[in-house]
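Asker: So here's upload30.pdb, just PDB, C-alpha atoms:
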ATOM      1  CA  MET A  13      52.415   6.478  89.823
ATOM      2  CA  HIS A  14      55.974   6.316  91.056
ATOM      3  CA  ILE A  15      56.593   9.620  92.809
ATOM      4  CA  PRO A  16      60.003  11.170  92.167
ATOM      5  CA  ASP A  17      62.060  12.835  94.879
ATOM      6  CA  GLY A  18      61.154  16.485  95.113
ATOM      7  CA  PHE A  19      57.396  16.024  94.914
ATOM      8  CA  LEU A  20      56.951  15.374  98.613
ATOM      9  CA  SER A  21      58.089  17.351 101.628
ATOM     10  CA  PRO A  22      60.299  15.780 104.334
ATOM     11  CA  PRO A  23      57.534  15.449 106.931
ATOM     12  CA  VAL A  24      55.345  13.665 104.387
ATOM     13  CA  TRP A  25      57.956  11.265 103.068
ATOM     14  CA  THR A  26      59.176  10.533 106.586
ATOM     15  CA  SER A  27      55.624   9.624 107.562
ATOM     16  CA  GLY A  28      55.488   7.481 104.438
ATOM     17  CA  TRP A  29      58.488   5.502 105.694
ATOM     18  CA  ALA A  30      57.003   5.143 109.157
ATOM     19  CA  ALA A  31      53.661   3.906 107.866
ATOM     20  CA  THR A  32      55.331   1.550 105.404
ATOM     21  CA  ALA A  33      57.632   0.132 108.063
ATOM     22  CA  ALA A  34      54.680  -0.567 110.324
ATOM     23  CA  PHE A  35      52.583  -2.247 107.655
ATOM     24  CA  LEU A  36      55.413  -4.219 106.085
ATOM     25  CA  GLY A  37      56.437  -5.377 109.543
ATOM     26  CA  LEU A  38      52.939  -6.706 109.953
ATOM     27  CA  SER A  39      53.091  -8.255 106.486
ATOM     28  CA  VAL A  40      56.309 -10.064 107.323
ATOM     29  CA  TYR A  41      54.786 -11.372 110.554
ATOM     30  CA  LYS A  42      51.626 -12.551 108.822
ATOM     31  CA  THR A  43      53.439 -14.012 105.838
ATOM     32  CA  ARG A  44      55.748 -16.094 108.014
ATOM     33  CA  GLN A  45      52.713 -17.722 109.549
ATOM     34  CA  PHE A  46      51.420 -19.226 106.388
ATOM     35  CA  LEU A  47      53.997 -19.123 103.603
ATOM     36  CA  GLN A  48      54.440 -22.714 102.525
ATOM     37  CA  GLU A  49      57.338 -24.093 100.537
ATOM     38  CA  LYS A  50      55.244 -24.356  97.386
ATOM     39  CA  MET A  51      54.486 -20.644  97.463
ATOM     40  CA  VAL A  52      58.126 -19.586  97.475
ATOM     41  CA  PRO A  53      58.638 -19.837  93.704
ATOM     42  CA  LEU A  54      55.194 -18.321  93.139
ATOM     43  CA  MET A  55      56.302 -15.205  94.975
ATOM     44  CA  GLY A  56      59.314 -14.977  92.672
ATOM     45  CA  VAL A  57      57.120 -15.423  89.623
ATOM     46  CA  MET A  58      54.619 -12.815  90.866
ATOM     47  CA  CYS A  59      57.428 -10.299  91.361
ATOM     48  CA  ALA A  60      58.727 -11.001  87.869
ATOM     49  CA  PHE A  61      55.317 -10.806  86.270
ATOM     50  CA  ILE A  62      54.278  -7.600  88.014
ATOM     51  CA  PHE A  63      57.595  -5.976  87.173
ATOM     52  CA  ALA A  64      57.176  -6.880  83.517
ATOM     53  CA  ALA A  65      53.547  -5.815  83.397
ATOM     54  CA  GLN A  66      54.401  -2.481  85.001
ATOM     55  CA  MET A  67      56.707  -1.765  82.064
ATOM     56  CA  LEU A  68      53.831  -2.037  79.631
ATOM     57  CA  ASN A  69      52.171   1.335  79.557
ATOM     58  CA  PHE A  70      48.893   1.362  77.676
ATOM     59  CA  PRO A  71      47.343   4.518  76.310
ATOM     60  CA  ILE A  72      44.228   5.910  77.892
ATOM     61  CA  MET A  73      42.648   9.066  76.592
ATOM     62  CA  GLY A  74      44.146  12.497  76.360
ATOM     63  CA  GLY A  75      47.784  11.675  75.656
ATOM     64  CA  THR A  76      48.171   9.856  78.929
ATOM     65  CA  SER A  77      49.122   6.270  79.654
ATOM     66  CA  GLY A  78      48.646   3.875  82.508
ATOM     67  CA  HIS A  79      50.162   0.611  83.574
ATOM     68  CA  LEU A  80      49.242  -2.297  85.752
ATOM     69  CA  LEU A  81      49.712  -1.950  89.485
ATOM     70  CA  GLY A  82      49.161  -5.639  90.191
ATOM     71  CA  GLY A  83      48.301  -5.355  93.885
ATOM     72  CA  VAL A  84      44.983  -7.158  93.739
ATOM     73  CA  LEU A  85      46.375  -9.660  91.250
ATOM     74  CA  ALA A  86      49.127 -10.597  93.679
ATOM     75  CA  ALA A  87      46.775 -10.551  96.673
ATOM     76  CA  VAL A  88      44.158 -12.817  95.125
ATOM     77  CA  LEU A  89      46.874 -15.322  94.282
ATOM     78  CA  LEU A  90      49.162 -15.056  97.305
ATOM     79  CA  GLY A  91      47.047 -13.485  99.997
ATOM     80  CA  PRO A  92      47.266  -9.807 100.946
ATOM     81  CA  TRP A  93      50.300  -9.914 103.209
ATOM     82  CA  ALA A  94      52.634 -11.785 100.880
ATOM     83  CA  ALA A  95      51.313  -9.661  98.036
ATOM     84  CA  SER A  96      52.243  -6.439  99.809
ATOM     85  CA  LEU A  97      55.777  -7.798 100.143
ATOM     86  CA  VAL A  98      55.847  -8.705  96.447
ATOM     87  CA  LEU A  99      54.823  -5.170  95.485
ATOM     88  CA  ALA A 100      57.321  -3.669  97.918
ATOM     89  CA  CYS A 101      60.068  -5.848  96.452
ATOM     90  CA  VAL A 102      59.251  -4.719  92.909
ATOM     91  CA  LEU A 103      59.123  -1.053  93.934
ATOM     92  CA  VAL A 104      62.455  -1.201  95.733
ATOM     93  CA  ILE A 105      64.183  -2.699  92.726
ATOM     94  CA  GLN A 106      62.500  -0.290  90.344
ATOM     95  CA  CYS A 107      63.838   2.566  92.450
ATOM     96  CA  LEU A 108      67.377   1.306  93.054
ATOM     97  CA  VAL A 109      68.093  -0.271  89.662
ATOM     98  CA  PHE A 110      65.936   1.736  87.273
ATOM     99  CA  GLN A 111      65.497   5.080  89.031
ATOM    100  CA  ASP A 112      61.733   4.686  88.766
ATOM    101  CA  GLY A 113      60.510   6.574  91.809
ATOM    102  CA  GLY A 114      62.634   8.569  94.198
ATOM    103  CA  LEU A 115      64.679   7.116  97.033
ATOM    104  CA  PHE A 116      63.494   9.437  99.798
ATOM    105  CA  VAL A 117      59.903   9.057  98.724
ATOM    106  CA  LEU A 118      60.210   5.273  98.310
ATOM    107  CA  GLY A 119      58.428   4.785 101.636
ATOM    108  CA  ALA A 120      55.481   6.804 100.375
ATOM    109  CA  ASN A 121      55.462   4.943  97.042
ATOM    110  CA  ILE A 122      55.445   1.613  98.842
ATOM    111  CA  PHE A 123      52.689   2.883 101.121
ATOM    112  CA  ASN A 124      50.514   3.985  98.199
ATOM    113  CA  MET A 125      50.919   0.912  96.064
ATOM    114  CA  ALA A 126      51.889  -1.987  98.318
ATOM    115  CA  VAL A 127      49.832  -0.990 101.348
ATOM    116  CA  MET A 128      46.879   1.123 100.239
ATOM    117  CA  GLY A 129      46.570  -0.406  96.788
ATOM    118  CA  THR A 130      47.304  -3.999  97.706
ATOM    119  CA  LEU A 131      45.888  -4.381 101.221
ATOM    120  CA  GLY A 132      43.075  -1.910 100.604
ATOM    121  CA  GLY A 133      42.183  -3.472  97.268
ATOM    122  CA  TYR A 134      42.170  -6.952  98.743
ATOM    123  CA  GLY A 135      39.988  -5.728 101.609
ATOM    124  CA  LEU A 136      37.344  -4.680  99.117
ATOM    125  CA  PHE A 137      37.710  -7.958  97.230
ATOM    126  CA  ARG A 138      36.995  -9.877 100.411
ATOM    127  CA  ILE A 139      33.924  -7.821 101.246
ATOM    128  CA  LEU A 140      32.514  -8.174  97.738
ATOM    129  CA  PHE A 141      33.247 -11.885  97.414
ATOM    130  CA  ARG A 142      31.550 -12.547 100.741
ATOM    131  CA  LEU A 143      28.505 -10.702  99.414
ATOM    132  CA  MET A 144      28.524 -12.628  96.123
ATOM    133  CA  PRO A 145      30.129 -16.008  96.871
ATOM    134  CA  SER A 146      29.630 -17.516  93.419
ATOM    135  CA  SER A 147      32.106 -17.923  90.595
ATOM    136  CA  GLY A 148      30.570 -14.913  88.842
ATOM    137  CA  GLY A 149      30.786 -13.044  92.102
ATOM    138  CA  PHE A 150      34.454 -13.950  92.409
ATOM    139  CA  THR A 151      35.215 -12.501  88.987
ATOM    140  CA  ALA A 152      33.222  -9.346  89.692
ATOM    141  CA  ALA A 153      34.873  -8.923  93.085
ATOM    142  CA  VAL A 154      38.333  -9.280  91.530
ATOM    143  CA  ALA A 155      37.560  -6.733  88.812
ATOM    144  CA  VAL A 156      36.001  -4.116  91.078
ATOM    145  CA  ALA A 157      38.689  -4.518  93.728
ATOM    146  CA  ALA A 158      41.418  -4.171  91.088
ATOM    147  CA  TRP A 159      39.829  -0.977  89.795
ATOM    148  CA  PHE A 160      39.468   0.341  93.329
ATOM    149  CA  SER A 161      43.072  -0.451  94.258
ATOM    150  CA  VAL A 162      44.390   1.904  91.587
ATOM    151  CA  VAL A 163      41.982   4.685  92.534
ATOM    152  CA  LEU A 164      42.802   4.288  96.222
ATOM    153  CA  ALA A 165      46.544   4.368  95.592
ATOM    154  CA  SER A 166      46.168   7.498  93.478
ATOM    155  CA  ALA A 167      44.017   9.162  96.146
ATOM    156  CA  SER A 168      46.678   8.437  98.723
ATOM    157  CA  CYS A 169      49.298   9.918  96.418
ATOM    158  CA  ALA A 170      47.166  13.015  95.845
ATOM    159  CA  ILE A 171      46.793  13.551  99.585
ATOM    160  CA  GLU A 172      50.558  13.307 100.014
ATOM    161  CA  LEU A 173      51.134  15.837  97.238
ATOM    162  CA  ALA A 174      48.657  18.231  98.810
ATOM    163  CA  LEU A 175      50.097  17.815 102.319
ATOM    164  CA  SER A 176      53.552  18.524 100.854
ATOM    165  CA  GLY A 177      52.328  21.780  99.397
ATOM    166  CA  THR A 178      53.246  20.551  95.919
ATOM    167  CA  ALA A 179      49.728  20.938  94.612
ATOM    168  CA  ARG A 180      46.355  22.210  95.707
ATOM    169  CA  PHE A 181      44.257  19.460  97.266
ATOM    170  CA  GLY A 182      41.037  19.949  95.310
ATOM    171  CA  ALA A 183      42.727  20.097  91.932
ATOM    172  CA  VAL A 184      45.257  17.320  92.426
ATOM    173  CA  PHE A 185      42.798  14.951  94.108
ATOM    174  CA  ALA A 186      40.229  15.351  91.349
ATOM    175  CA  ALA A 187      42.852  15.004  88.614
ATOM    176  CA  MET A 188      44.620  11.987  90.104
ATOM    177  CA  VAL A 189      41.444  10.118  90.952
ATOM    178  CA  GLY A 190      39.925  11.031  87.606
ATOM    179  CA  VAL A 191      42.782   9.735  85.482
ATOM    180  CA  HIS A 192      43.284   6.659  87.644
ATOM    181  CA  ALA A 193      39.597   5.816  87.479
ATOM    182  CA  LEU A 194      40.297   5.294  83.774
ATOM    183  CA  ILE A 195      43.581   3.473  84.301
ATOM    184  CA  GLY A 196      41.751   1.287  86.814
ATOM    185  CA  ILE A 197      39.586  -0.081  84.033
ATOM    186  CA  GLY A 198      42.717  -1.473  82.391
ATOM    187  CA  GLU A 199      43.832  -2.844  85.741
ATOM    188  CA  ALA A 200      40.474  -4.548  86.273
ATOM    189  CA  PHE A 201      40.555  -6.102  82.832
ATOM    190  CA  ILE A 202      44.136  -7.389  82.991
ATOM    191  CA  THR A 203      43.755  -8.618  86.580
ATOM    192  CA  MET A 204      40.591 -10.483  85.701
ATOM    193  CA  LEU A 205      42.195 -12.140  82.676
ATOM    194  CA  VAL A 206      45.253 -13.331  84.545
ATOM    195  CA  VAL A 207      43.358 -14.465  87.636
ATOM    196  CA  GLU A 208      40.831 -16.390  85.544
ATOM    197  CA  PHE A 209      43.694 -18.088  83.718
ATOM    198  CA  VAL A 210      45.276 -19.215  86.973
ATOM    199  CA  VAL A 211      41.901 -20.263  88.399
ATOM    200  CA  LYS A 212      41.425 -22.583  85.428
ATOM    201  CA  ALA A 213      44.996 -23.849  85.303
ATOM    202  CA  ARG A 214      45.948 -24.067  88.981
ATOM    203  CA  PRO A 215      43.059 -23.210  91.309
ATOM    204  CA  ASP A 216      45.133 -24.483  94.217
ATOM    205  CA  LEU A 217      47.374 -21.461  93.760
ATOM    206  CA  VAL A 218      44.559 -18.962  94.166
ATOM    207  CA  TYR A 219      44.412 -17.793  97.784
ATOM    208  CA  GLY A 220      41.359 -15.645  97.132
ATOM    209  CA  LEU A 221      39.145 -18.584  96.215
ATOM    210  CA  ARG A 222      39.170 -19.570  99.843
ATOM    211  CA  ALA A 223      38.400 -16.043 101.028
ATOM    212  CA  LYS A 224      34.686 -16.528 101.410
ATOM    213  CA  ASN A 225      35.310 -19.143 104.077
ATOM    214  CA  LEU A 226      37.781 -17.202 106.154
ATOM    215  CA  SER A 227      36.490 -15.433 109.226
TER     216      SER A 227
ATOM    217  CA  MET B  25      54.884 -25.074  92.394
ATOM    218  CA  ARG B  26      56.321 -27.505  89.855
ATOM    219  CA  SER B  27      59.535 -26.551  88.071
ATOM    220  CA  LYS B  28      57.759 -26.438  84.763
ATOM    221  CA  ASP B  29      55.229 -23.933  86.083
ATOM    222  CA  ILE B  30      57.931 -21.691  87.497
ATOM    223  CA  TRP B  31      59.746 -21.593  84.177
ATOM    224  CA  LEU B  32      56.466 -20.921  82.407
ATOM    225  CA  GLY B  33      55.737 -18.006  84.711
ATOM    226  CA  VAL B  34      59.201 -16.539  84.320
ATOM    227  CA  ALA B  35      59.051 -17.090  80.556
ATOM    228  CA  ALA B  36      55.750 -15.230  80.406
ATOM    229  CA  ALA B  37      57.255 -12.343  82.359
ATOM    230  CA  LEU B  38      60.336 -12.326  80.111
ATOM    231  CA  LEU B  39      58.176 -12.381  77.002
ATOM    232  CA  LEU B  40      56.278  -9.339  78.209
ATOM    233  CA  ALA B  41      59.382  -7.478  79.302
ATOM    234  CA  VAL B  42      61.546  -8.267  76.298
ATOM    235  CA  PHE B  43      59.151  -8.308  73.363
ATOM    236  CA  PHE B  44      56.382  -6.001  74.394
ATOM    237  CA  SER B  45      58.163  -3.311  76.374
ATOM    238  CA  PRO B  46      59.569  -1.489  73.321
ATOM    239  CA  PHE B  47      55.982  -1.072  72.130
ATOM    240  CA  ALA B  48      54.667   0.344  75.390
ATOM    241  CA  SER B  49      53.021   3.732  75.224
ATOM    242  CA  GLN B  50      55.466   6.612  75.534
ATOM    243  CA  SER B  51      52.807   8.981  76.825
ATOM    244  CA  PRO B  52      53.269  10.274  80.340
ATOM    245  CA  ASP B  53      51.620   8.185  83.014
ATOM    246  CA  GLY B  54      48.780   9.478  85.187
ATOM    247  CA  LEU B  55      50.936  11.154  87.819
ATOM    248  CA  GLU B  56      53.293  12.720  85.268
ATOM    249  CA  ARG B  57      50.369  14.048  83.333
ATOM    250  CA  VAL B  58      48.796  15.612  86.396
ATOM    251  CA  ALA B  59      52.196  17.053  87.354
ATOM    252  CA  GLU B  60      52.541  18.627  83.897
ATOM    253  CA  ASP B  61      49.018  20.025  83.918
ATOM    254  CA  GLN B  62      49.306  21.406  87.426
ATOM    255  CA  GLU B  63      52.832  22.645  86.829
ATOM    256  CA  PHE B  64      54.789  20.826  89.492
ATOM    257  CA  LEU B  65      56.617  18.384  87.211
ATOM    258  CA  GLU B  66      59.912  20.259  87.450
ATOM    259  CA  LYS B  67      60.020  19.617  91.206
ATOM    260  CA  GLY B  68      60.849  16.027  90.389
ATOM    261  CA  GLU B  69      63.672  16.775  88.015
ATOM    262  CA  GLY B  70      66.559  17.354  90.388
ATOM    263  CA  ARG B  71      69.658  15.192  90.655
ATOM    264  CA  PRO B  72      68.755  11.687  91.765
ATOM    265  CA  ALA B  73      69.791  10.541  95.231
ATOM    266  CA  VAL B  74      71.384   7.336  93.991
ATOM    267  CA  SER B  75      72.908   6.804  90.632
ATOM    268  CA  ALA B  76      70.978   3.843  89.328
ATOM    269  CA  PRO B  77      72.609   1.491  86.840
ATOM    270  CA  VAL B  78      69.741   1.381  84.340
ATOM    271  CA  PRO B  79      67.944   4.711  84.636
ATOM    272  CA  ASP B  80      64.516   4.839  83.073
ATOM    273  CA  TYR B  81      64.624   1.253  81.858
ATOM    274  CA  VAL B  82      67.207   1.989  79.176
ATOM    275  CA  VAL B  83      70.506   0.121  79.466
ATOM    276  CA  PRO B  84      73.256   2.700  78.934
ATOM    277  CA  GLY B  85      75.635   2.116  76.067
ATOM    278  CA  VAL B  86      73.190   0.190  73.915
ATOM    279  CA  LYS B  87      72.620   2.221  70.782
ATOM    280  CA  ASN B  88      69.267   0.841  69.724
ATOM    281  CA  GLU B  89      66.678   2.152  72.147
ATOM    282  CA  SER B  90      64.306  -0.781  71.711
ATOM    283  CA  ALA B  91      67.104  -3.199  72.432
ATOM    284  CA  ALA B  92      68.160  -1.151  75.448
ATOM    285  CA  THR B  93      64.613  -1.304  76.787
ATOM    286  CA  SER B  94      64.254  -5.018  76.139
ATOM    287  CA  LEU B  95      67.538  -5.705  77.857
ATOM    288  CA  ALA B  96      66.453  -3.608  80.830
ATOM    289  CA  GLY B  97      63.238  -5.610  80.964
ATOM    290  CA  ALA B  98      65.072  -8.927  80.900
ATOM    291  CA  LEU B  99      67.497  -7.792  83.579
ATOM    292  CA  GLY B 100      64.688  -6.534  85.765
ATOM    293  CA  VAL B 101      62.691  -9.738  85.472
ATOM    294  CA  VAL B 102      65.671 -11.832  86.543
ATOM    295  CA  VAL B 103      66.663  -9.543  89.424
ATOM    296  CA  VAL B 104      63.125  -9.163  90.714
ATOM    297  CA  PHE B 105      62.453 -12.891  90.468
ATOM    298  CA  ALA B 106      65.591 -13.635  92.445
ATOM    299  CA  ALA B 107      64.718 -10.994  95.029
ATOM    300  CA  GLY B 108      61.172 -12.250  95.456
ATOM    301  CA  TYR B 109      62.258 -15.877  95.618
ATOM    302  CA  GLY B 110      65.017 -15.009  98.065
ATOM    303  CA  LEU B 111      62.710 -12.985 100.297
ATOM    304  CA  ALA B 112      60.105 -15.746 100.292
ATOM    305  CA  SER B 113      62.758 -18.327 101.128
ATOM    306  CA  LEU B 114      63.741 -16.286 104.170
ATOM    307  CA  LEU B 115      60.153 -15.966 105.300
ATOM    308  CA  LYS B 116      58.725 -19.405 104.719
ATOM    309  CA  LYS B 117      57.294 -21.450 107.547
ATOM    310  CA  ARG B 118      59.846 -23.711 109.092
ATOM    311  CA  GLY B 119      59.077 -27.364 109.803
TER     312      GLY B 119
END
Here is a file; write its structure as structure tokens.

Answerer:
Amino acid sequence: MHIPDGFLSPPVWTSGWAATAAFLGLSVYKTRQFLQEKMVPLMGVMCAFIFAAQMLNFPIMGGTSGHLLGGVLAAVLLGPWAASLVLACVLVIQCLVFQDGGLFVLGANIFNMAVMGTLGGYGLFRILFRLMPSSGGFTAAVAVAAWFSVVLASASCAIELALSGTARFGAVFAAMVGVHALIGIGEAFITMLVVEFVVKARPDLVYGLRAKNLS
Amino acid sequence: MRSKDIWLGVAAALLLAVFFSPFASQSPDGLERVAEDQEFLEKGEGRPAVSAPVPDYVVPGVKNESAATSLAGALGVVVVFAAGYGLASLLKKRG
């Protein structure tokens, strides 16, 4: 879902930068308040893991592939604010080192995936986990939120494409959301697997387990 | 996070990036597919704004494409780990 330069118009990608700057500023502020020493290496590992996982495209139907976004995965482990910074970090390096995603539209890419996908996905996780505060509920909340994060990010992307005049809103929104609803199933599955592994191995590293108690 | 766990995490990421990346699906991803179908893909094919060292996850100059991809994966994992670790170090709570 990394938008290349040329897909978005200047007003849209400028707004993308503005929105991203605002949200990431907030993320930095929030992260500084709670990032403990022991989480520092975990952030490095999360960046590395998400980067690697994003390289692994898996086929979905119709000659199309998808790959992990990792926003909810990072957020359930590190909390939403640190997670948004992890995603942003990965996206910046993907753009600058690997030319994956355009430079002008990088703000919009970060907004779609690190803000909408990550913060939005985690928001849904929190709501669902509060409604079903059991271990089964936790797993379900993680899976649904992971699915939703991909769909939400793709919807945001579709809106940007339409506002840029690159595509017609109805067609691009339906197509993007449709294909990412499928990709989201992969996201849900992978996220669930990895989160469950960490919950069993190192539950102290799972920020989201404490989410039902937070106000 | 204990040292052992960090290395385990990085090793897992490296394993994915080095061994599995050459087998990743080559089909276009969701956005590319939609761009093809709705005929705006060529808008994204202009000259890139920066000249990136490892465009498209293929290290230039390495003849075998799988090897070039694996190497790109390994490089990316290391760089991204360092960046994330560095960023977190700057942001951590003091005292």

Asker: Choose the residue, out of A:Met73, A:Ile105, A:Val117, A:Leu54, that has the smallest atom-to-atom separation from Val24 of chain A; count all atoms listed in the file.

Answerer: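 Selected residue with least distance to Val24 of chain A: A:Val117.
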
Asker: Quick one: which residues end up in the PyMOL selection byres ((chain A and resi 87-97) around 8) for this structure, as a PyMOL selection string?

Answerer: chain A and resi 36+38-40+42-43+47+51+55+83-86+98-101+126-127+130-131+134+154+207+217-221

Asker: For the file shown, report as number ranges by chain the outcome of the PyMOL selection byres ((chain B) within 7 of (chain A)) at residue level.

Answerer: B: 25, 30, 33-34, 37, 40-41, 45, 48-49, 51-55, 57-58, 64, 67-68, 73, 76-81, 97, 101, 104-106, 108-109, 112-113, 115-117

Asker: Closest to Trp31 of chain B among B:Ser90, B:Ala96, B:Val102, B:Arg71, using only C-alpha atoms?

Answerer: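 For Trp31 of chain B, the nearest of the given residues is B:Val102.
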
Asker: Anything within 10 Å of (35.8, 1.2, 96.1): list those residues as a ChimeraX atom specification, counting only C-alpha atoms and sticking to the file's coordinates.

Answerer: /A:132-133,135-137,156-164

Asker: Expressed in Å to a single decimal, how great is the separation between atom CA of Thr32 of chain A and atom CA of Ala120 of chain A?

Answerer: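 Going from atom CA of Thr32 of chain A over to atom CA of Ala120 of chain A, I get 7.3 Å.
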
Asker: Could you give me segment 85-105 of chain B completed to N, CA and C atoms, formatted as a CSV table (one decimal), keeping the file's coordinate frame?

Answerer:
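Full text of rebuild-v1.csv as output:
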chain,number,residue,atom,x,y,z
B,85,GLY,N,74.6,2.7,77.0
B,85,GLY,CA,75.6,2.1,76.1
B,85,GLY,C,75.1,1.2,75.0
B,86,VAL,N,73.8,1.0,75.0
B,86,VAL,CA,73.2,0.2,73.9
B,86,VAL,C,72.5,1.2,72.9
B,87,LYS,N,73.0,1.2,71.7
B,87,LYS,CA,72.6,2.2,70.8
B,87,LYS,C,71.1,2.2,70.4
B,88,ASN,N,70.7,1.0,70.1
B,88,ASN,CA,69.3,0.8,69.7
B,88,ASN,C,68.4,0.9,71.0
B,89,GLU,N,67.5,1.9,70.9
B,89,GLU,CA,66.7,2.2,72.1
B,89,GLU,C,65.7,1.0,72.5
B,90,SER,N,65.2,0.4,71.5
B,90,SER,CA,64.3,-0.8,71.7
B,90,SER,C,65.1,-1.9,72.4
B,91,ALA,N,66.3,-2.1,71.9
B,91,ALA,CA,67.1,-3.2,72.4
B,91,ALA,C,67.5,-2.9,73.9
B,92,ALA,N,67.8,-1.6,74.1
B,92,ALA,CA,68.2,-1.2,75.4
B,92,ALA,C,67.0,-1.4,76.4
B,93,THR,N,65.8,-1.1,75.9
B,93,THR,CA,64.6,-1.3,76.8
B,93,THR,C,64.4,-2.8,77.0
B,94,SER,N,64.5,-3.6,76.0
B,94,SER,CA,64.3,-5.0,76.1
B,94,SER,C,65.2,-5.6,77.1
B,95,LEU,N,66.5,-5.2,77.0
B,95,LEU,CA,67.5,-5.7,77.9
B,95,LEU,C,67.3,-5.3,79.3
B,96,ALA,N,66.8,-4.1,79.5
B,96,ALA,CA,66.5,-3.6,80.8
B,96,ALA,C,65.3,-4.5,81.4
B,97,GLY,N,64.4,-4.8,80.5
B,97,GLY,CA,63.2,-5.6,81.0
B,97,GLY,C,63.7,-7.0,81.4
B,98,ALA,N,64.6,-7.6,80.6
B,98,ALA,CA,65.1,-8.9,80.9
B,98,ALA,C,65.8,-8.9,82.2
B,99,LEU,N,66.7,-7.9,82.4
B,99,LEU,CA,67.5,-7.8,83.6
B,99,LEU,C,66.6,-7.7,84.8
B,100,GLY,N,65.6,-6.8,84.7
B,100,GLY,CA,64.7,-6.5,85.8
B,100,GLY,C,63.9,-7.8,86.2
B,101,VAL,N,63.4,-8.5,85.2
B,101,VAL,CA,62.7,-9.7,85.5
B,101,VAL,C,63.5,-10.7,86.3
B,102,VAL,N,64.8,-10.9,85.8
B,102,VAL,CA,65.7,-11.8,86.5
B,102,VAL,C,66.0,-11.4,88.0
B,103,VAL,N,66.3,-10.1,88.1
B,103,VAL,CA,66.7,-9.5,89.4
B,103,VAL,C,65.5,-9.6,90.4
B,104,VAL,N,64.3,-9.2,89.9
B,104,VAL,CA,63.1,-9.2,90.7
B,104,VAL,C,62.7,-10.6,91.1
B,105,PHE,N,62.8,-11.5,90.2
B,105,PHE,CA,62.5,-12.9,90.5
B,105,PHE,C,63.3,-13.4,91.6
